[in-house]
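This is final.txt. It holds compact mmCIF, C-alpha atoms.
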```txt
# COMPACT_ATOMS: atom_id res chain seq x y z
CA MET I 30 317.08 50.67 -74.68
CA THR I 31 316.42 46.96 -74.88
CA TYR I 32 312.93 45.53 -75.17
CA ARG I 33 312.97 44.54 -71.51
CA GLU I 34 314.29 47.93 -70.36
CA CYS I 35 311.47 49.66 -72.24
CA TYR I 36 308.95 47.38 -70.60
CA GLU I 37 310.36 47.91 -67.10
CA LYS I 38 310.41 51.69 -67.58
CA GLY I 39 306.81 51.57 -68.77
CA CYS I 40 305.75 49.45 -65.80
CA LEU I 41 307.35 51.84 -63.32
CA ALA I 42 305.74 54.89 -64.90
CA LEU I 43 302.26 53.35 -64.92
CA GLN I 44 302.60 51.96 -61.39
CA THR I 45 303.68 55.38 -60.16
CA ALA I 46 300.64 56.91 -61.85
CA GLY I 47 298.35 54.42 -60.09
CA ILE I 48 297.19 52.61 -63.23
CA GLU I 49 295.27 49.54 -62.11
CA GLU I 50 296.77 47.01 -64.54
CA ALA I 51 300.13 48.73 -65.00
CA THR I 52 302.22 45.70 -65.96
CA LEU I 53 299.66 44.37 -68.41
CA ASP I 54 299.13 47.74 -70.06
CA ALA I 55 302.88 48.36 -70.30
CA ARG I 56 303.31 45.04 -72.10
CA LEU I 57 300.33 45.50 -74.42
CA LEU I 58 301.45 48.97 -75.46
CA LEU I 59 304.97 47.71 -76.15
CA GLU I 60 303.61 44.86 -78.24
CA ALA I 61 301.39 47.28 -80.17
CA VAL I 62 304.33 49.55 -80.94
CA CYS I 63 306.81 46.80 -81.85
CA GLY I 64 304.44 44.34 -83.49
CA THR I 65 305.47 41.62 -81.05
CA ASN I 66 303.69 39.15 -78.76
CA ARG I 67 303.94 38.16 -75.10
CA ASN I 68 306.68 35.60 -75.74
CA ASP I 69 309.09 38.25 -77.02
CA LEU I 70 309.61 39.63 -73.52
CA LEU I 71 310.92 36.24 -72.40
CA VAL I 72 312.76 35.18 -75.54
CA HIS I 73 314.01 38.47 -76.99
CA GLY I 74 314.12 40.76 -73.96
CA GLU I 75 317.70 41.88 -74.68
CA GLN I 76 316.97 42.92 -78.25
CA LEU I 77 317.38 46.64 -78.90
CA VAL I 78 314.30 48.70 -79.68
CA THR I 79 314.61 51.23 -82.50
CA PRO I 80 314.75 54.88 -81.43
CA GLU I 81 311.48 55.53 -83.26
CA ALA I 82 309.68 52.69 -81.47
CA GLU I 83 311.14 53.72 -78.12
CA GLU I 84 309.93 57.30 -78.59
CA LYS I 85 306.44 56.19 -79.58
CA TYR I 86 306.24 53.73 -76.70
CA LEU I 87 307.31 56.20 -74.04
CA GLY I 88 304.88 58.73 -75.51
CA TRP I 89 302.05 56.24 -75.17
CA ILE I 90 303.15 55.39 -71.64
CA GLY I 91 303.02 59.08 -70.75
CA GLN I 92 299.48 59.32 -72.13
CA ARG I 93 298.37 56.12 -70.40
CA ALA I 94 299.77 57.53 -67.14
CA GLU I 95 297.29 60.39 -67.61
CA HIS I 96 294.54 57.71 -67.67
CA ILE I 97 293.85 57.88 -71.38
CA PRO I 98 292.41 54.41 -72.12
CA LEU I 99 294.82 51.94 -73.68
CA GLN I 100 292.34 51.19 -76.48
CA GLN I 101 292.17 54.86 -77.46
CA LEU I 102 295.95 54.86 -77.78
CA THR I 103 296.15 51.73 -79.91
CA GLY I 104 292.90 52.65 -81.69
CA GLU I 105 291.32 49.22 -81.44
CA GLN I 106 289.60 46.68 -79.22
CA ASP I 107 288.71 43.02 -79.73
CA PHE I 108 285.09 41.94 -79.23
CA MET I 109 283.42 38.63 -80.08
CA GLY I 110 286.57 37.55 -81.92
CA LEU I 111 286.53 40.63 -84.16
CA THR I 112 288.62 43.80 -84.08
CA PHE I 113 286.91 47.18 -83.78
CA ALA I 114 288.30 50.66 -84.26
CA VAL I 115 287.65 52.92 -81.28
CA ASN I 116 288.26 56.54 -80.38
CA GLU I 117 287.00 59.16 -77.95
CA HIS I 118 283.61 59.30 -79.70
CA VAL I 119 282.47 55.77 -78.78
CA LEU I 120 282.39 53.53 -75.74
CA ILE I 121 285.11 50.91 -75.73
CA PRO I 122 283.47 47.50 -76.34
CA ARG I 123 283.41 45.43 -73.15
CA GLN I 124 283.21 41.71 -72.59
CA ASP I 125 279.95 42.04 -70.63
CA THR I 126 278.22 43.24 -73.79
CA GLU I 127 278.99 39.93 -75.48
CA ILE I 128 276.15 38.46 -73.38
CA LEU I 129 273.67 40.65 -75.27
CA VAL I 130 275.11 39.60 -78.63
CA GLU I 131 274.96 35.92 -77.68
CA GLU I 132 271.31 36.23 -76.65
CA ALA I 133 270.45 37.97 -79.91
CA ILE I 134 272.23 35.34 -81.98
CA GLN I 135 270.06 32.64 -80.37
CA VAL I 136 266.82 34.17 -81.68
CA MET I 137 268.04 35.40 -85.06
CA ARG I 138 267.04 33.53 -88.20
CA PRO I 139 267.77 34.15 -91.90
CA LYS I 140 265.70 36.96 -93.47
CA MET I 141 265.05 38.59 -90.09
CA LYS I 142 265.67 42.31 -89.61
CA VAL I 143 267.49 43.60 -86.54
CA LEU I 144 267.89 47.16 -85.28
CA ASP I 145 270.70 48.23 -82.96
CA MET I 146 269.60 51.30 -80.99
CA CYS I 147 272.44 53.51 -79.63
CA THR I 148 274.98 51.56 -81.66
CA GLY I 149 278.17 53.40 -80.68
CA SER I 150 281.12 51.56 -82.24
CA GLY I 151 278.71 49.18 -83.99
CA CYS I 152 280.19 46.18 -82.18
CA ILE I 153 276.79 44.67 -81.30
CA ILE I 154 275.13 44.77 -84.72
CA ILE I 155 278.32 43.86 -86.60
CA SER I 156 278.95 40.87 -84.31
CA ILE I 157 275.37 39.64 -84.75
CA LEU I 158 275.54 39.83 -88.54
CA HIS I 159 278.98 38.23 -88.58
CA ASN I 160 277.56 35.20 -86.78
CA VAL I 161 274.15 34.85 -88.47
CA GLU I 162 273.85 34.67 -92.24
CA GLY I 163 271.03 36.22 -94.21
CA VAL I 164 270.05 38.82 -91.60
CA LYS I 165 269.46 42.47 -92.48
CA GLY I 166 271.05 44.85 -90.01
CA TYR I 167 270.22 48.46 -89.20
CA ALA I 168 271.73 50.71 -86.55
CA VAL I 169 271.25 54.24 -85.24
CA ASP I 170 273.00 56.60 -82.84
CA ILE I 171 272.45 60.23 -81.94
CA SER I 172 276.17 60.95 -82.41
CA LYS I 173 277.32 61.59 -85.98
CA GLN I 174 280.89 60.83 -84.91
CA ALA I 175 279.82 57.47 -83.47
CA VAL I 176 277.98 56.59 -86.67
CA ASN I 177 281.15 57.34 -88.64
CA VAL I 178 283.16 54.99 -86.39
CA ALA I 179 280.51 52.29 -86.74
CA LYS I 180 280.58 52.60 -90.53
CA GLU I 181 284.36 52.20 -90.44
CA ASN I 182 283.99 49.07 -88.33
CA ALA I 183 281.42 47.54 -90.64
CA LYS I 184 283.80 48.06 -93.54
CA LEU I 185 286.74 46.73 -91.51
CA ASN I 186 284.85 43.52 -90.68
CA GLU I 187 283.17 43.24 -94.10
CA VAL I 188 279.65 43.25 -92.69
CA PRO I 189 276.85 45.17 -94.46
CA VAL I 190 274.89 47.37 -92.05
CA LEU I 191 272.71 50.40 -92.75
CA PHE I 192 273.72 53.12 -90.28
CA GLU I 193 271.90 56.39 -89.68
CA ARG I 194 272.15 59.26 -87.24
CA SER I 195 268.92 59.30 -85.23
CA ASP I 196 267.71 60.48 -81.84
CA LEU I 197 266.32 57.10 -80.77
CA PHE I 198 263.55 56.22 -83.27
CA GLU I 199 263.40 59.68 -84.85
CA MET I 200 264.66 58.54 -88.28
CA VAL I 201 263.48 54.91 -88.09
CA THR I 202 260.75 54.06 -90.59
CA GLU I 203 260.68 50.24 -90.74
CA LYS I 204 259.65 47.39 -88.46
CA PHE I 205 262.01 44.77 -87.08
CA ASP I 206 262.04 41.25 -85.72
CA VAL I 207 264.65 42.11 -83.08
CA ILE I 208 265.70 45.36 -81.46
CA VAL I 209 268.88 45.32 -79.38
CA SER I 210 270.23 48.18 -77.33
CA ASN I 211 273.01 49.08 -74.92
CA PRO I 212 271.74 52.57 -74.05
CA PRO I 213 273.30 55.04 -71.61
CA TYR I 214 272.37 53.68 -68.17
CA ILE I 215 274.59 55.24 -65.52
CA PRO I 216 272.77 57.66 -63.19
CA THR I 217 274.07 61.19 -63.62
CA ASP I 218 275.30 61.54 -60.04
CA VAL I 219 277.28 58.28 -60.28
CA ILE I 220 279.39 59.36 -63.25
CA PRO I 221 281.83 61.46 -61.15
CA GLN I 222 282.58 58.30 -59.12
CA LEU I 223 283.72 56.32 -62.17
CA MET I 224 287.39 55.69 -62.92
CA PRO I 225 289.02 58.55 -64.87
CA GLU I 226 289.42 56.38 -67.97
CA VAL I 227 285.61 56.29 -68.22
CA GLN I 228 284.31 59.55 -66.79
CA VAL I 229 286.89 61.78 -68.47
CA PHE I 230 287.79 60.04 -71.70
CA GLU I 231 284.69 58.15 -72.85
CA PRO I 232 281.74 60.08 -74.35
CA ILE I 233 279.42 61.37 -71.64
CA GLU I 234 276.36 61.09 -73.89
CA ALA I 235 276.94 57.33 -74.14
CA LEU I 236 277.11 57.00 -70.34
CA ASP I 237 274.53 59.34 -68.84
CA GLY I 238 271.19 57.62 -68.25
CA LYS I 239 269.78 60.74 -66.54
CA GLU I 240 268.67 60.95 -62.91
CA ASP I 241 268.00 57.27 -62.16
CA GLY I 242 269.81 55.69 -65.10
CA LEU I 243 266.55 54.40 -66.57
CA TYR I 244 265.57 57.30 -68.84
CA PHE I 245 266.47 55.62 -72.14
CA TYR I 246 264.95 52.28 -71.17
CA ARG I 247 261.61 54.01 -70.63
CA LYS I 248 261.81 55.77 -73.97
CA ILE I 249 262.90 52.70 -75.93
CA VAL I 250 260.44 50.29 -74.28
CA GLU I 251 257.48 52.53 -75.04
CA GLN I 252 258.49 53.56 -78.55
CA SER I 253 259.79 50.15 -79.66
CA LYS I 254 256.26 48.72 -79.76
CA ASP I 255 255.64 50.74 -82.93
CA TYR I 256 258.75 49.31 -84.58
CA LEU I 257 258.60 45.62 -83.66
CA ASN I 258 256.79 42.96 -85.65
CA SER I 259 254.35 40.76 -83.76
CA GLY I 260 256.39 38.21 -81.80
CA GLY I 261 259.47 40.40 -82.09
CA SER I 262 262.10 40.60 -79.36
CA LEU I 263 263.45 43.57 -77.44
CA MET I 264 266.85 43.02 -75.82
CA PHE I 265 268.78 45.33 -73.52
CA GLU I 266 272.11 45.42 -71.80
CA ILE I 267 271.55 46.77 -68.29
CA GLY I 268 273.49 47.87 -65.24
CA TYR I 269 274.05 45.24 -62.54
CA ASP I 270 271.24 46.64 -60.35
CA GLN I 271 268.64 47.44 -63.02
CA GLY I 272 267.22 43.99 -63.77
CA LYS I 273 264.03 44.31 -61.71
CA ASP I 274 263.24 47.84 -62.87
CA VAL I 275 263.72 47.18 -66.57
CA SER I 276 261.88 43.84 -66.38
CA LYS I 277 258.87 45.50 -64.73
CA MET I 278 258.98 48.28 -67.28
CA MET I 279 258.78 45.78 -70.14
CA THR I 280 256.10 43.65 -68.49
CA ASP I 281 253.96 46.72 -67.78
CA ALA I 282 254.33 47.75 -71.45
CA GLY I 283 252.89 44.42 -72.62
CA PHE I 284 256.02 42.40 -73.33
CA SER I 285 255.87 38.68 -72.53
CA ASN I 286 258.48 36.09 -71.59
CA VAL I 287 260.53 38.81 -69.94
CA CYS I 288 263.69 37.41 -68.40
CA VAL I 289 267.03 38.53 -67.01
CA LYS I 290 270.36 36.99 -68.01
CA LYS I 291 273.45 37.18 -65.83
CA ASP I 292 277.03 37.84 -66.90
CA LEU I 293 280.07 35.72 -66.04
CA ALA I 294 280.42 37.52 -62.70
CA GLY I 295 276.85 36.57 -61.72
CA ASN I 296 275.45 40.09 -62.14
CA ASP I 297 272.24 40.90 -64.01
CA ARG I 298 273.37 42.00 -67.48
CA VAL I 299 270.68 41.48 -70.14
CA VAL I 300 266.86 41.75 -70.14
CA THR I 301 264.85 40.25 -73.00
CA GLY I 302 261.16 40.14 -73.84
CA MET I 303 258.76 39.45 -76.70
CA LEU I 304 256.00 41.67 -78.03
```
Can the structure from this file be put into structure tokens for me?
Amino acid sequence: MTYRECYEKGCLALQTAGIEEATLDARLLLEAVCGTNRNDLLVHGEQLVTPEAEEKYLGWIGQRAEHIPLQQLTGEQDFMGLTFAVNEHVLIPRQDTEILVEEAIQVMRPKMKVLDMCTGSGCIIISILHNVEGVKGYAVDISKQAVNVAKENAKLNEVPVLFERSDLFEMVTEKFDVIVSNPPYIPTDVIPQLMPEVQVFEPIEALDGKEDGLYFYRKIVEQSKDYLNSGGSLMFEIGYDQGKDVSKMMTDAGFSNVCVKKDLAGNDRVVTGML
């Protein structure tokens, strides 16, 4: 088949399967297989695709039609201008989370120490350290598999981070100037309503925030006071409707200057406060 014929076949298969961004995903998968870019479809659409590339592409299309996330097929996702390895053991980095990183970068200074709680792929801590020199970075996650992915990403992006498997603060022994976290925050009964790409193929332990979605915020807010230096900052990513609850939680726990930051869509996305 030609490059264009492969693309058109991929589009049809994904559209038939009800994939939301079928044409985009078909193109991105083809580019990933062939090592091409978006201009090749216009300029070299009649070029023949090798049998090996065609087989791999149609295999990926078949998997994407089953709602396996595109990033799990290609094995990577861009975030804050960096590339991160991803698999079924970690949440796929999302643009909304960049708001949390940007807020953290604003308060970071050389020689500060930052802890990333529930690190997952490591995209938050690695992006912070990539953008601020002289900062010491630590990160923990309850999942051993996630920690392994995060270590791979730190090596990939040449950023030194100390990773450790820990159930929240269980294995944490030091104090920090900043603690950042994107904990599980989806209420348990909402998870079955999520798109299949998320509820079936992303790790449930990184999604499930228990009954009301606020379980891990309560734990981290209360415990973090023992691990923050005086004047230190606690920063969370939150769900769009959790701003008031998490803000009150932090204020009640003695944090000051508590504020909510919105994402590009105008939804509450980050809550910050100082101890």
Would you work out the distance separating CA of Ile128 (chain I) from CA of Pro221 (chain I), expressed in Å to one decimal?
->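 One can read the CA of Ile128 (chain I) to CA of Pro221 (chain I) distance as 26.7 Å.
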Once you count all atoms listed in the file, what closest atom pair and distance in Å to one decimal does each residue of region 172-217 of chain I within 6 Å of region 154-167 of chain I have, with rows by chain and rising residue number, as a tab-separated table?
```
residue	atom	partner	partner_atom	distance
I:Val190	CA	I:Gly166	CA	5.0
I:Leu191	CA	I:Tyr167	CA	4.8
I:Phe192	CA	I:Tyr167	CA	5.9
```
Counting all atoms listed in the file, figure out which residue out of I:Glu95, I:Asp237, I:Glu84, I:Glu75 gets nearest to Gly47 (chain I).
->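 Ranked by minimum distance to Gly47 (chain I), first place goes to I:Glu95.
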Hey, can you check how far CA of Glu131 (chain I) sits from CA of Ile220 (chain I)?
->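 Here the two named atoms are 27.9 Å from each other.
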12 Å contact set for Phe284 (chain I), only C-alpha atoms, chain neighbours under 2 positions out, as a ChimeraX atom specification = /I:250-251,253-254,257,259-264,275-282,286-288,300-304
Across I:Met141, I:Ile121, I:Leu243, I:Val178, the smallest distance to Glu231 (chain I), with only C-alpha atoms counted, is shown by I:Ile121
Skip Glu203 (chain I) itself and residues of its chain fewer than 2 positions away, then list as a list in words all residues within 8 Å of it, counting all atoms listed in the file.
-> Val201, Phe205 and Tyr256 of chain I
Of the candidates I:Ile249, I:Leu59, I:Leu120, I:Cys40, which shows the shortest atom-to-atom distance to Leu144 (chain I), using all atoms listed in the file?
->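 The shortest atom-to-atom distance to Leu144 (chain I) comes from I:Ile249.
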Could you name the residues that touch Gly151 (chain I) at 8 Å or less, counting only C-alpha atoms, but leaving out those on the same chain fewer than 2 positions away, as a list of chain:residue names?
-> I:Thr148, I:Gly149, I:Ile153, I:Ile154, I:Ile155, I:Ala168, I:Val176, I:Val178, I:Ala179, I:Lys180, I:Asn182, I:Ala183
d(CA of Thr112 (chain I), CA of Glu187 (chain I)) in Å = 11.4 Å
May I have the residues within 7 Å of region 104-107 of chain I as a PyMOL selection string, using all atoms listed in the file and disregarding those fewer than 5 positions away in the same chain?
-> chain I and resi 112-116+122
For the point (308.8, 45.5, -79.4) in file coordinates, what residues are within 8 Å, counting only C-alpha atoms? Give the answer as a PyMOL selection string?
-> chain I and resi 32+59-65+69+78+82
Of the candidates I:Asp274, I:Glu132, I:Glu199, I:Glu226, which shows the shortest atom-to-atom distance to Leu99 (chain I), using only C-alpha atoms?
-> I:Glu226
Taking (302.4, 53.0, -63.8) in the file's own coordinates, collect the residues within 12 Å, counting all atoms listed in the file, and hand them back as JSON, numbers by chain.
-> {"I": [36, 37, 38, 39, 40, 41, 42, 43, 44, 45, 46, 47, 48, 49, 50, 51, 52, 53, 54, 55, 56, 87, 89, 90, 91, 92, 93, 94, 95, 96]}
Long-range neighbours of Ala235 (chain I) as a list in words, 9 Å cut-off, only C-alpha atoms, 5 positions minimum in chain |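 Listing them by chain and then by number gives His118, Val119, Leu120, Cys147, Gly149, Pro212, Pro213 and Tyr214 of chain I.
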